[in-house]
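J.: Provided herewith is a single structure, encoded as structure tokens, for subsequent inquiry.
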Amino acid sequence: MPGTLYLCATPIGNLQDITERVKTTLNSVYLIAAEDTRNSLKLLNRFDIHVPLTSYHEYNKYDKAEELLELLLSGKDLALITDAGTPAISDPGEVLVQKCIENGVLVTSLPGACAAVTALTLSGLSTGRFSFEGFLSRENRERKELLEELKKETRTIIIYEAPHHLKKTLSDLYKVLGDRRISICRELTKIHEEIMRTVLSEALKYYEKNDPRGEYVLVIEGRKRSDIQAEKAEKYLEMSIEEHVRAYEEQGLDRKEAMKAAARDRGVQKRDIYNALLRTC
Ligand code: SAM
């Protein structure tokens, strides 16, 4: 019978955030796969866990996933941990998880710290709907396209960022998204935990004078629905009623539906649209 892969969340700063279940499980498995074995060794020593470690990181994730899968298929239980936080979130974990699922190996997740969720809850921004973006691409074209997509996003946006890229990312976000509210969450759960709740222009000014230090999660307000409505209304009011109705007909709506949609956009009754069209006939 195949073994089980345990995804074990580890603390993102404060070591007291490890769970009893994670400690017990790490002690019970045959092997622990970790992103940075040196870092993880310190964590394991701190909790008196003496189980062999093997490295599983971005640059060996495909080959190593095969090796780990073989062990799992031979009946061994394995654990996956990352440098910090929840495995498979912005780290190579997802490749191994997919391999296991494809090959009928049981995967189970032991929940715990996750930088994105911790930041979101502290942001003071809307938590009802959010879009987790991980690290923004460093590749220019891809990054530009993604930022353009994010401009339309109405959900709260969560981004991971390294300190040396923070200023550039804040500047790119400001250029494309405008002066949105942002909560810059730094060194979460650590002694120097700090949440800066501000707007992008102020954040940029601050980081012109202060060097970014530590780990960051950026939580950015989504686009307001009222702004989308206002922009739409502005666009439609530039059109004549006839052009407006025709635009909807060209999108495939029948005459009645097109008049109804135009009335909604212009904040008037359908009969007003009908009467205006009659006048132009
Ligand atoms: N899998 C982890 C998670 O979500 O729980 C995240 C791994 S990702 C490789 C590392 C990034 O998470 C960092 O660059 C930073 O953006 C964020 N992060 C991790 N720990 C943090 C902390 N204590 N405070 C703020 N951000 C943190």
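In the structure tokens, the first chain shown is A, the next is B, and so on; residue numbers restart at 1 for each chain, and ligands run from 1 in the order shown.
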Would you tabulate, counting only C-alpha atoms and all ligand atoms, all residues of chain A that have an atom at most 7 Å from an atom of ligand 1, showing the closest pair of atoms and their distance in Å to one decimal, sorted by chain then ascending number, as JSON lines?
T.:
```
{"residue": "A:Ile12", "atom": "CA", "partner": "ligand 1", "partner_atom_place_in_ligand_line": "23 (N)", "distance": 4.6}
{"residue": "A:Gly13", "atom": "CA", "partner": "ligand 1", "partner_atom_place_in_ligand_line": "23 (N)", "distance": 5.0}
{"residue": "A:Thr82", "atom": "CA", "partner": "ligand 1", "partner_atom_place_in_ligand_line": "1 (N)", "distance": 6.4}
{"residue": "A:Asp83", "atom": "CA", "partner": "ligand 1", "partner_atom_place_in_ligand_line": "7 (C)", "distance": 6.9}
{"residue": "A:Ala84", "atom": "CA", "partner": "ligand 1", "partner_atom_place_in_ligand_line": "2 (C)", "distance": 5.5}
{"residue": "A:Gly85", "atom": "CA", "partner": "ligand 1", "partner_atom_place_in_ligand_line": "5 (O)", "distance": 3.2}
{"residue": "A:Thr86", "atom": "CA", "partner": "ligand 1", "partner_atom_place_in_ligand_line": "5 (O)", "distance": 4.0}
{"residue": "A:Pro87", "atom": "CA", "partner": "ligand 1", "partner_atom_place_in_ligand_line": "1 (N)", "distance": 5.0}
{"residue": "A:Ala88", "atom": "CA", "partner": "ligand 1", "partner_atom_place_in_ligand_line": "1 (N)", "distance": 6.2}
{"residue": "A:Ile89", "atom": "CA", "partner": "ligand 1", "partner_atom_place_in_ligand_line": "1 (N)", "distance": 4.4}
{"residue": "A:Ser90", "atom": "CA", "partner": "ligand 1", "partner_atom_place_in_ligand_line": "8 (S)", "distance": 5.1}
{"residue": "A:Asp91", "atom": "CA", "partner": "ligand 1", "partner_atom_place_in_ligand_line": "9 (C)", "distance": 5.2}
{"residue": "A:Ala113", "atom": "CA", "partner": "ligand 1", "partner_atom_place_in_ligand_line": "5 (O)", "distance": 5.9}
{"residue": "A:Cys114", "atom": "CA", "partner": "ligand 1", "partner_atom_place_in_ligand_line": "5 (O)", "distance": 3.3}
{"residue": "A:Ala115", "atom": "CA", "partner": "ligand 1", "partner_atom_place_in_ligand_line": "5 (O)", "distance": 4.5}
{"residue": "A:Ala116", "atom": "CA", "partner": "ligand 1", "partner_atom_place_in_ligand_line": "4 (O)", "distance": 5.5}
{"residue": "A:Tyr160", "atom": "CA", "partner": "ligand 1", "partner_atom_place_in_ligand_line": "16 (O)", "distance": 3.6}
{"residue": "A:Glu161", "atom": "CA", "partner": "ligand 1", "partner_atom_place_in_ligand_line": "16 (O)", "distance": 4.3}
{"residue": "A:Ala162", "atom": "CA", "partner": "ligand 1", "partner_atom_place_in_ligand_line": "14 (O)", "distance": 4.9}
{"residue": "A:Cys185", "atom": "CA", "partner": "ligand 1", "partner_atom_place_in_ligand_line": "25 (C)", "distance": 5.9}
{"residue": "A:Arg186", "atom": "CA", "partner": "ligand 1", "partner_atom_place_in_ligand_line": "25 (C)", "distance": 4.7}
{"residue": "A:Glu187", "atom": "CA", "partner": "ligand 1", "partner_atom_place_in_ligand_line": "24 (N)", "distance": 3.7}
{"residue": "A:Leu188", "atom": "CA", "partner": "ligand 1", "partner_atom_place_in_ligand_line": "24 (N)", "distance": 3.7}
{"residue": "A:Thr189", "atom": "CA", "partner": "ligand 1", "partner_atom_place_in_ligand_line": "23 (N)", "distance": 5.8}
{"residue": "A:Lys190", "atom": "CA", "partner": "ligand 1", "partner_atom_place_in_ligand_line": "23 (N)", "distance": 6.4}
{"residue": "A:Glu215", "atom": "CA", "partner": "ligand 1", "partner_atom_place_in_ligand_line": "26 (N)", "distance": 4.3}
{"residue": "A:Tyr216", "atom": "CA", "partner": "ligand 1", "partner_atom_place_in_ligand_line": "26 (N)", "distance": 4.0}
{"residue": "A:Val217", "atom": "CA", "partner": "ligand 1", "partner_atom_place_in_ligand_line": "26 (N)", "distance": 4.7}
```
J.: Tell me, as an MDAnalysis selection string, which residues lie within 10 Å of A:Ala258, counting only C-alpha atoms; anything in the same chain fewer than 4 positions away does not count.
T.: chainID A and resid 244:254 262:264 270 273
J.: Could you please take those selected residues and save all heavy atoms as a compact mmCIF listing (two decimals), in the first residue's frame?
T.:
```
# COMPACT_ATOMS: atom_id res chain seq x y z
N HIS A 244 -25.81 53.60 -28.58
CA HIS A 244 -25.72 52.78 -27.38
C HIS A 244 -26.49 51.46 -27.56
O HIS A 244 -25.98 50.37 -27.29
CB HIS A 244 -26.30 53.60 -26.21
CG HIS A 244 -25.98 53.06 -24.86
ND1 HIS A 244 -26.11 53.80 -23.72
CD2 HIS A 244 -25.52 51.85 -24.45
CE1 HIS A 244 -25.77 53.07 -22.67
NE2 HIS A 244 -25.41 51.87 -23.09
N VAL A 245 -27.73 51.58 -28.05
CA VAL A 245 -28.56 50.38 -28.25
C VAL A 245 -27.92 49.50 -29.33
O VAL A 245 -27.82 48.28 -29.19
CB VAL A 245 -30.01 50.79 -28.63
CG1 VAL A 245 -30.83 49.57 -29.04
CG2 VAL A 245 -30.69 51.50 -27.46
N ARG A 246 -27.42 50.15 -30.40
CA ARG A 246 -26.81 49.38 -31.49
C ARG A 246 -25.57 48.59 -30.99
O ARG A 246 -25.34 47.46 -31.38
CB ARG A 246 -26.44 50.30 -32.66
CG ARG A 246 -26.29 49.50 -33.94
CD ARG A 246 -26.04 50.32 -35.20
NE ARG A 246 -26.66 51.62 -35.21
CZ ARG A 246 -25.96 52.76 -35.32
NH1 ARG A 246 -24.66 52.74 -35.42
NH2 ARG A 246 -26.59 53.93 -35.35
N ALA A 247 -24.81 49.25 -30.09
CA ALA A 247 -23.61 48.58 -29.56
C ALA A 247 -24.00 47.26 -28.89
O ALA A 247 -23.33 46.24 -29.07
CB ALA A 247 -22.91 49.50 -28.56
N TYR A 248 -25.11 47.27 -28.17
CA TYR A 248 -25.56 46.03 -27.53
C TYR A 248 -26.08 45.03 -28.55
O TYR A 248 -25.87 43.82 -28.43
CB TYR A 248 -26.62 46.32 -26.47
CG TYR A 248 -26.02 46.66 -25.13
CD1 TYR A 248 -26.27 47.86 -24.50
CD2 TYR A 248 -25.19 45.75 -24.48
CE1 TYR A 248 -25.71 48.17 -23.27
CE2 TYR A 248 -24.62 46.04 -23.25
CZ TYR A 248 -24.87 47.25 -22.65
OH TYR A 248 -24.30 47.53 -21.43
N GLU A 249 -26.76 45.53 -29.57
CA GLU A 249 -27.28 44.62 -30.61
C GLU A 249 -26.11 43.93 -31.31
O GLU A 249 -26.16 42.74 -31.62
CB GLU A 249 -28.13 45.40 -31.61
CG GLU A 249 -29.51 45.74 -31.05
CD GLU A 249 -30.36 46.53 -32.02
OE1 GLU A 249 -29.82 47.37 -32.76
OE2 GLU A 249 -31.57 46.30 -32.05
N GLU A 250 -25.02 44.71 -31.50
CA GLU A 250 -23.84 44.12 -32.17
C GLU A 250 -23.19 43.04 -31.30
O GLU A 250 -22.49 42.17 -31.79
CB GLU A 250 -22.84 45.23 -32.53
CG GLU A 250 -23.26 45.92 -33.80
CD GLU A 250 -22.54 47.26 -34.03
OE1 GLU A 250 -21.55 47.53 -33.32
OE2 GLU A 250 -23.01 48.01 -34.89
N GLN A 251 -23.43 43.12 -30.00
CA GLN A 251 -22.88 42.08 -29.10
C GLN A 251 -23.80 40.85 -29.06
O GLN A 251 -23.58 39.92 -28.30
CB GLN A 251 -22.75 42.65 -27.69
CG GLN A 251 -21.58 43.59 -27.51
CD GLN A 251 -21.62 44.27 -26.15
OE1 GLN A 251 -21.99 43.67 -25.15
NE2 GLN A 251 -21.23 45.53 -26.12
N GLY A 252 -24.93 40.89 -29.80
CA GLY A 252 -25.80 39.71 -29.89
C GLY A 252 -27.12 39.83 -29.15
O GLY A 252 -27.91 38.88 -29.14
N LEU A 253 -27.37 40.95 -28.49
CA LEU A 253 -28.64 41.10 -27.76
C LEU A 253 -29.74 41.47 -28.76
O LEU A 253 -29.47 42.16 -29.77
CB LEU A 253 -28.53 42.23 -26.73
CG LEU A 253 -28.15 41.83 -25.29
CD1 LEU A 253 -26.83 41.11 -25.25
CD2 LEU A 253 -28.10 43.06 -24.40
N ASP A 254 -31.00 41.00 -28.51
CA ASP A 254 -32.08 41.45 -29.40
C ASP A 254 -32.47 42.88 -29.00
O ASP A 254 -32.00 43.41 -27.99
CB ASP A 254 -33.26 40.47 -29.39
CG ASP A 254 -34.00 40.44 -28.06
OD1 ASP A 254 -33.99 41.47 -27.36
OD2 ASP A 254 -34.58 39.38 -27.72
N ALA A 262 -29.26 49.35 -22.19
CA ALA A 262 -28.90 50.77 -22.35
C ALA A 262 -29.59 51.61 -21.28
O ALA A 262 -28.99 52.52 -20.72
CB ALA A 262 -29.29 51.24 -23.75
N ALA A 263 -30.84 51.26 -20.97
CA ALA A 263 -31.58 52.00 -19.94
C ALA A 263 -30.88 51.84 -18.59
O ALA A 263 -30.70 52.81 -17.85
CB ALA A 263 -33.01 51.47 -19.86
N ARG A 264 -30.43 50.60 -18.30
CA ARG A 264 -29.73 50.34 -17.03
C ARG A 264 -28.45 51.16 -16.96
O ARG A 264 -28.18 51.84 -15.97
CB ARG A 264 -29.43 48.83 -16.95
CG ARG A 264 -29.03 48.38 -15.56
CD ARG A 264 -28.56 46.95 -15.57
NE ARG A 264 -27.61 46.71 -16.65
CZ ARG A 264 -27.68 45.71 -17.53
NH1 ARG A 264 -28.65 44.84 -17.46
NH2 ARG A 264 -26.78 45.57 -18.47
N LYS A 270 -36.75 52.02 -19.41
CA LYS A 270 -36.69 51.47 -20.78
C LYS A 270 -37.58 52.30 -21.71
O LYS A 270 -37.24 52.54 -22.87
CB LYS A 270 -37.16 50.01 -20.77
CG LYS A 270 -36.62 49.22 -21.94
CD LYS A 270 -36.99 47.77 -21.85
CE LYS A 270 -38.21 47.50 -22.69
NZ LYS A 270 -38.75 46.17 -22.51
N ILE A 273 -35.87 55.17 -23.34
CA ILE A 273 -35.02 54.76 -24.48
C ILE A 273 -35.91 54.57 -25.70
O ILE A 273 -35.61 55.06 -26.80
CB ILE A 273 -34.26 53.44 -24.15
CG1 ILE A 273 -33.39 53.61 -22.90
CG2 ILE A 273 -33.47 52.92 -25.34
CD1 ILE A 273 -32.14 54.43 -23.08
```
J.: Enter the distance from atom CA of A:Ser137 to atom CA of A:Pro163, in Å, rounded to one decimal.
T.: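 Those two atoms sit 15.3 Å apart.
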J.: Would you mind writing down, as a VMD selection string, each residue of stretch 31-197 of chain A that DSSP on the backbone assigns to strand (DSSP E)?
T.: chain A and resid 31 to 34 53 to 55 78 to 81 106 to 110 130 to 135 156 to 161 181 to 186 194 to 197
J.: DSSP on the backbone, alpha helix (DSSP H) only: what residues of stretch 77-196 of chain A does that give? Format it as a ChimeraX atom specification.
T.: /A:93-102,115-123,140-152,166-177
J.: Which distance in Å separates atom CA of A:Ile220 and atom CA of A:Ile158, to one decimal?
T.: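 Value for the atom CA of A:Ile220-atom CA of A:Ile158 distance: 6.5 Å.
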J.: Would you work out the distance separating atom CA of A:Glu238 from atom CA of A:Glu149, expressed in Å to one decimal?
T.: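 According to the coordinates, atom CA of A:Glu238 and atom CA of A:Glu149 are separated by 25.1 Å.
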